[in-house]
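Coordinates as given in data37.txt (compact mmCIF, N, CA and C atoms):
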# COMPACT_ATOMS: atom_id res chain seq x y z
N MET A 1 89.30 131.88 138.46
CA MET A 1 88.28 131.33 137.59
C MET A 1 88.82 130.07 136.91
N ALA A 2 88.07 129.00 136.98
CA ALA A 2 88.48 127.73 136.39
C ALA A 2 88.07 127.69 134.93
N VAL A 3 88.94 127.13 134.13
CA VAL A 3 88.67 126.99 132.70
C VAL A 3 88.04 125.62 132.47
N SER A 4 86.91 125.61 131.82
CA SER A 4 86.22 124.36 131.53
C SER A 4 86.69 123.84 130.16
N TYR A 5 87.13 122.61 130.17
CA TYR A 5 87.56 121.98 128.93
C TYR A 5 86.48 121.07 128.35
N MET A 6 85.30 121.12 128.94
CA MET A 6 84.24 120.24 128.50
C MET A 6 83.82 120.51 127.06
N TYR A 7 83.78 121.77 126.70
CA TYR A 7 83.35 122.12 125.36
C TYR A 7 84.48 122.51 124.43
N SER A 8 85.69 122.32 124.89
CA SER A 8 86.82 122.71 124.04
C SER A 8 87.06 121.64 122.99
N ARG A 9 87.59 122.06 121.89
CA ARG A 9 87.90 121.13 120.80
C ARG A 9 89.20 120.40 121.08
N PRO A 10 89.25 119.14 120.68
CA PRO A 10 90.54 118.44 120.80
C PRO A 10 91.52 119.00 119.77
N LEU A 11 92.78 118.83 120.05
CA LEU A 11 93.79 119.30 119.10
C LEU A 11 93.65 118.53 117.80
N ARG A 12 93.70 119.23 116.72
CA ARG A 12 93.55 118.60 115.41
C ARG A 12 94.89 118.29 114.80
N ARG A 13 94.97 117.10 114.26
CA ARG A 13 96.16 116.74 113.49
C ARG A 13 95.94 117.22 112.06
N PRO A 14 97.02 117.49 111.37
CA PRO A 14 96.84 117.87 109.97
C PRO A 14 96.15 116.73 109.21
N ARG A 15 95.22 117.09 108.38
CA ARG A 15 94.45 116.09 107.64
C ARG A 15 95.12 115.80 106.31
N ILE A 16 95.88 114.72 106.30
CA ILE A 16 96.55 114.31 105.07
C ILE A 16 95.55 113.67 104.13
N HIS A 17 94.40 113.25 104.67
CA HIS A 17 93.45 112.56 103.82
C HIS A 17 92.90 113.47 102.73
N TYR A 18 92.96 114.78 102.93
CA TYR A 18 92.58 115.69 101.85
C TYR A 18 93.55 115.57 100.66
N ILE A 19 94.78 115.29 100.94
CA ILE A 19 95.76 115.05 99.87
C ILE A 19 95.38 113.77 99.12
N GLY A 20 94.89 112.77 99.86
CA GLY A 20 94.45 111.53 99.23
C GLY A 20 93.27 111.75 98.31
N ILE A 21 92.33 112.58 98.75
CA ILE A 21 91.18 112.89 97.89
C ILE A 21 91.65 113.63 96.65
N ALA A 22 92.59 114.57 96.83
CA ALA A 22 93.12 115.30 95.67
C ALA A 22 93.85 114.35 94.72
N ALA A 23 94.60 113.40 95.26
CA ALA A 23 95.33 112.45 94.42
C ALA A 23 94.34 111.57 93.64
N ALA A 24 93.27 111.14 94.28
CA ALA A 24 92.27 110.32 93.59
C ALA A 24 91.57 111.13 92.50
N CYS A 25 91.27 112.39 92.78
CA CYS A 25 90.63 113.24 91.77
C CYS A 25 91.56 113.48 90.59
N MET A 26 92.83 113.73 90.88
CA MET A 26 93.79 113.95 89.79
C MET A 26 93.93 112.69 88.93
N THR A 27 93.98 111.53 89.58
CA THR A 27 94.06 110.27 88.84
C THR A 27 92.85 110.10 87.93
N THR A 28 91.68 110.41 88.47
CA THR A 28 90.45 110.30 87.68
C THR A 28 90.46 111.26 86.50
N LEU A 29 90.82 112.50 86.74
CA LEU A 29 90.83 113.50 85.66
C LEU A 29 91.84 113.16 84.57
N VAL A 30 93.03 112.76 84.96
CA VAL A 30 94.05 112.39 83.97
C VAL A 30 93.61 111.16 83.19
N GLY A 31 93.04 110.18 83.89
CA GLY A 31 92.56 108.98 83.21
C GLY A 31 91.43 109.28 82.22
N LEU A 32 90.49 110.12 82.62
CA LEU A 32 89.40 110.49 81.71
C LEU A 32 89.94 111.25 80.50
N ALA A 33 90.95 112.10 80.73
CA ALA A 33 91.54 112.82 79.60
C ALA A 33 92.22 111.85 78.63
N PHE A 34 92.93 110.85 79.16
CA PHE A 34 93.57 109.85 78.29
C PHE A 34 92.53 109.04 77.51
N ILE A 35 91.45 108.66 78.18
CA ILE A 35 90.41 107.89 77.50
C ILE A 35 89.78 108.72 76.39
N ALA A 36 89.44 109.96 76.69
CA ALA A 36 88.82 110.83 75.69
C ALA A 36 89.76 111.08 74.52
N THR A 37 91.03 111.32 74.82
CA THR A 37 92.01 111.55 73.76
C THR A 37 92.17 110.31 72.89
N GLY A 38 92.20 109.14 73.51
CA GLY A 38 92.33 107.91 72.75
C GLY A 38 91.14 107.67 71.83
N VAL A 39 89.95 107.95 72.33
CA VAL A 39 88.75 107.76 71.50
C VAL A 39 88.76 108.73 70.33
N VAL A 40 89.10 109.98 70.56
CA VAL A 40 89.05 110.99 69.50
C VAL A 40 90.20 110.80 68.50
N ARG A 41 91.41 110.64 68.99
CA ARG A 41 92.56 110.55 68.08
C ARG A 41 92.58 109.28 67.26
N LEU A 42 92.11 108.19 67.83
CA LEU A 42 92.13 106.92 67.11
C LEU A 42 90.87 106.69 66.29
N ASP A 43 89.98 107.66 66.29
CA ASP A 43 88.71 107.54 65.56
C ASP A 43 87.98 106.25 65.91
N LEU A 44 87.97 105.94 67.17
CA LEU A 44 87.33 104.70 67.60
C LEU A 44 85.82 104.74 67.43
N LEU A 45 85.26 105.92 67.42
CA LEU A 45 83.81 106.02 67.27
C LEU A 45 83.35 105.54 65.90
N GLU A 46 84.19 105.70 64.90
CA GLU A 46 83.81 105.31 63.54
C GLU A 46 84.26 103.90 63.19
N LYS A 47 85.40 103.47 63.70
CA LYS A 47 85.99 102.20 63.27
C LYS A 47 85.50 101.00 64.07
N VAL A 48 85.19 101.20 65.32
CA VAL A 48 84.85 100.07 66.19
C VAL A 48 83.33 99.98 66.33
N GLN A 49 82.87 98.76 66.40
CA GLN A 49 81.44 98.54 66.59
C GLN A 49 81.01 99.06 67.96
N GLY A 50 79.75 99.41 68.08
CA GLY A 50 79.23 100.01 69.31
C GLY A 50 79.39 99.13 70.54
N ASP A 51 79.15 97.83 70.39
CA ASP A 51 79.24 96.93 71.54
C ASP A 51 80.67 96.84 72.06
N ILE A 52 81.61 96.74 71.15
CA ILE A 52 83.01 96.62 71.55
C ILE A 52 83.50 97.91 72.19
N LEU A 53 83.11 99.06 71.63
CA LEU A 53 83.51 100.34 72.20
C LEU A 53 82.92 100.52 73.59
N ALA A 54 81.66 100.16 73.77
CA ALA A 54 81.02 100.29 75.08
C ALA A 54 81.70 99.41 76.12
N MET A 55 82.05 98.20 75.72
CA MET A 55 82.73 97.30 76.66
C MET A 55 84.13 97.81 77.00
N ALA A 56 84.84 98.29 76.00
CA ALA A 56 86.18 98.81 76.23
C ALA A 56 86.15 100.04 77.14
N LEU A 57 85.18 100.92 76.92
CA LEU A 57 85.05 102.09 77.79
C LEU A 57 84.66 101.71 79.20
N ALA A 58 83.79 100.72 79.35
CA ALA A 58 83.40 100.27 80.68
C ALA A 58 84.58 99.68 81.43
N ILE A 59 85.37 98.87 80.75
CA ILE A 59 86.56 98.29 81.38
C ILE A 59 87.55 99.38 81.76
N ALA A 60 87.73 100.34 80.87
CA ALA A 60 88.66 101.45 81.16
C ALA A 60 88.19 102.26 82.36
N LEU A 61 86.90 102.50 82.47
CA LEU A 61 86.38 103.26 83.61
C LEU A 61 86.49 102.49 84.92
N VAL A 62 86.30 101.18 84.87
CA VAL A 62 86.47 100.36 86.08
C VAL A 62 87.92 100.37 86.52
N VAL A 63 88.83 100.21 85.58
CA VAL A 63 90.27 100.25 85.91
C VAL A 63 90.63 101.62 86.47
N LEU A 64 90.08 102.66 85.88
CA LEU A 64 90.34 104.01 86.37
C LEU A 64 89.82 104.19 87.80
N GLY A 65 88.67 103.66 88.09
CA GLY A 65 88.14 103.72 89.46
C GLY A 65 89.02 102.98 90.45
N VAL A 66 89.50 101.81 90.05
CA VAL A 66 90.39 101.04 90.92
C VAL A 66 91.69 101.81 91.17
N LEU A 67 92.24 102.43 90.13
CA LEU A 67 93.47 103.21 90.30
C LEU A 67 93.24 104.43 91.20
N SER A 68 92.09 105.05 91.09
CA SER A 68 91.79 106.20 91.94
C SER A 68 91.68 105.79 93.41
N ILE A 69 91.00 104.68 93.65
CA ILE A 69 90.89 104.18 95.02
C ILE A 69 92.25 103.77 95.55
N ALA A 70 93.07 103.17 94.70
CA ALA A 70 94.41 102.76 95.13
C ALA A 70 95.28 103.96 95.47
N SER A 71 95.18 105.04 94.69
CA SER A 71 95.99 106.22 95.00
C SER A 71 95.54 106.85 96.31
N TYR A 72 94.24 106.84 96.59
CA TYR A 72 93.74 107.34 97.87
C TYR A 72 94.24 106.45 99.01
N ALA A 73 94.23 105.14 98.80
CA ALA A 73 94.67 104.20 99.84
C ALA A 73 96.16 104.37 100.14
N VAL A 74 96.96 104.65 99.13
CA VAL A 74 98.40 104.85 99.35
C VAL A 74 98.62 106.07 100.23
N VAL A 75 97.91 107.15 99.96
CA VAL A 75 98.07 108.35 100.79
C VAL A 75 97.60 108.09 102.22
N ARG A 76 96.50 107.38 102.38
CA ARG A 76 96.03 107.06 103.73
C ARG A 76 97.01 106.15 104.46
N ALA A 77 97.64 105.22 103.74
CA ALA A 77 98.63 104.35 104.36
C ALA A 77 99.85 105.15 104.82
N ILE A 78 100.24 106.12 104.02
CA ILE A 78 101.36 106.98 104.42
C ILE A 78 100.98 107.78 105.65
N GLU A 79 99.74 108.28 105.70
CA GLU A 79 99.28 109.01 106.88
C GLU A 79 99.28 108.12 108.11
N TRP A 80 98.78 106.90 107.95
CA TRP A 80 98.73 105.98 109.07
C TRP A 80 100.14 105.65 109.56
N ALA A 81 101.06 105.39 108.63
CA ALA A 81 102.43 105.04 109.00
C ALA A 81 103.15 106.21 109.68
N SER A 82 102.83 107.42 109.29
CA SER A 82 103.51 108.58 109.88
C SER A 82 103.05 108.83 111.32
N HIS A 83 101.84 108.34 111.68
CA HIS A 83 101.33 108.56 113.02
C HIS A 83 101.66 107.41 113.97
N HIS A 84 102.16 106.31 113.42
CA HIS A 84 102.47 105.15 114.29
C HIS A 84 103.92 104.88 114.31

Please rewrite the model in this file as structure tokens.
Amino acid sequence: MAVSYMYSRPLRRPRIHYIGIAAACMTTLVGLAFIATGVVRLDLLEKVQGDILAMALAIALVVLGVLSIASYAVVRAIEWASHH
């Protein structure tokens, strides 16, 4: 009896990209915790005007997003380098 490989799955490599997603999530969570702690401990809600606080939080969130994407990219680059 011949074995048909037409419907067989290709061999899977370990998915390191899941580690990249985890690293990006951890970066986001830690960054959000630092932002929240800074706002609460420094009493920024009471001392700073609303416009300045909103702009500072927006800049912090954009930087946090860039850092999260960068951490994911580093893990993907390591995965790519390990396969080549």

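Interatomic distance, atom C of Ala60 in chain A to CA of Thr37 in chain A: 13.2 Å.
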
Using only C-alpha atoms, determine which residues lie at most 10 Å from Val66 in chain A, disregarding the query and same-chain residues fewer than 6 positions distant; provide the list as a JSON list (two decimals) with N, CA and C atoms, in the coordinates of the input.
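Resulting contents of around-v9.json:
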[["chain", "number", "residue", "atom", "x", "y", "z"],
["A", 24, "ALA", "N", 93.27, 111.14, 94.28],
["A", 24, "ALA", "CA", 92.27, 110.32, 93.59],
["A", 24, "ALA", "C", 91.57, 111.13, 92.50],
["A", 28, "THR", "N", 91.68, 110.41, 88.47],
["A", 28, "THR", "CA", 90.45, 110.30, 87.68],
["A", 28, "THR", "C", 90.46, 111.26, 86.50],
["A", 60, "ALA", "N", 87.73, 100.34, 80.87],
["A", 60, "ALA", "CA", 88.66, 101.45, 81.16],
["A", 60, "ALA", "C", 88.19, 102.26, 82.36],
["A", 72, "TYR", "N", 94.24, 106.84, 96.59],
["A", 72, "TYR", "CA", 93.74, 107.34, 97.87],
["A", 72, "TYR", "C", 94.24, 106.45, 99.01]]

Between CA of Leu53 in chain A and CA of Val30 in chain A, measure the distance and give it in Å to one decimal. 19.9 Å

Which of these, A:Ile21, A:Ile35, A:Ala81, A:Val75, has the shortest distance to Ala58 in chain A once you count only C-alpha atoms? A:Ile35

Would you mind writing down, as number ranges by chain, each residue of range 9-43 of chain A that DSSP on the backbone assigns to helix (DSSP H, G or I)? A: 17-41

Give me, please, the distance in Å between CA of Glu46 in chain A and CA of Leu29 in chain A, quoted to one decimal. 24.6 Å

Report as a PyMOL selection string all protein, DNA and RNA residues lying within 12 Å of Gly38 in chain A, evaluated on only C-alpha atoms, omitting residues in the same chain fewer than 4 positions from it. chain A and resi 31-34+42-45+53+56-57+60

Polymer residues at most 8 Å from Thr27 in chain A, only C-alpha atoms, same-chain spacing of 6 or more positions, as number ranges by chain: A: 64, 67-68, 71

Residue among A:Glu79, A:His84, A:Ala73, A:Val39 lying closest to Ala23 in chain A, counting only C-alpha atoms: A:Ala73
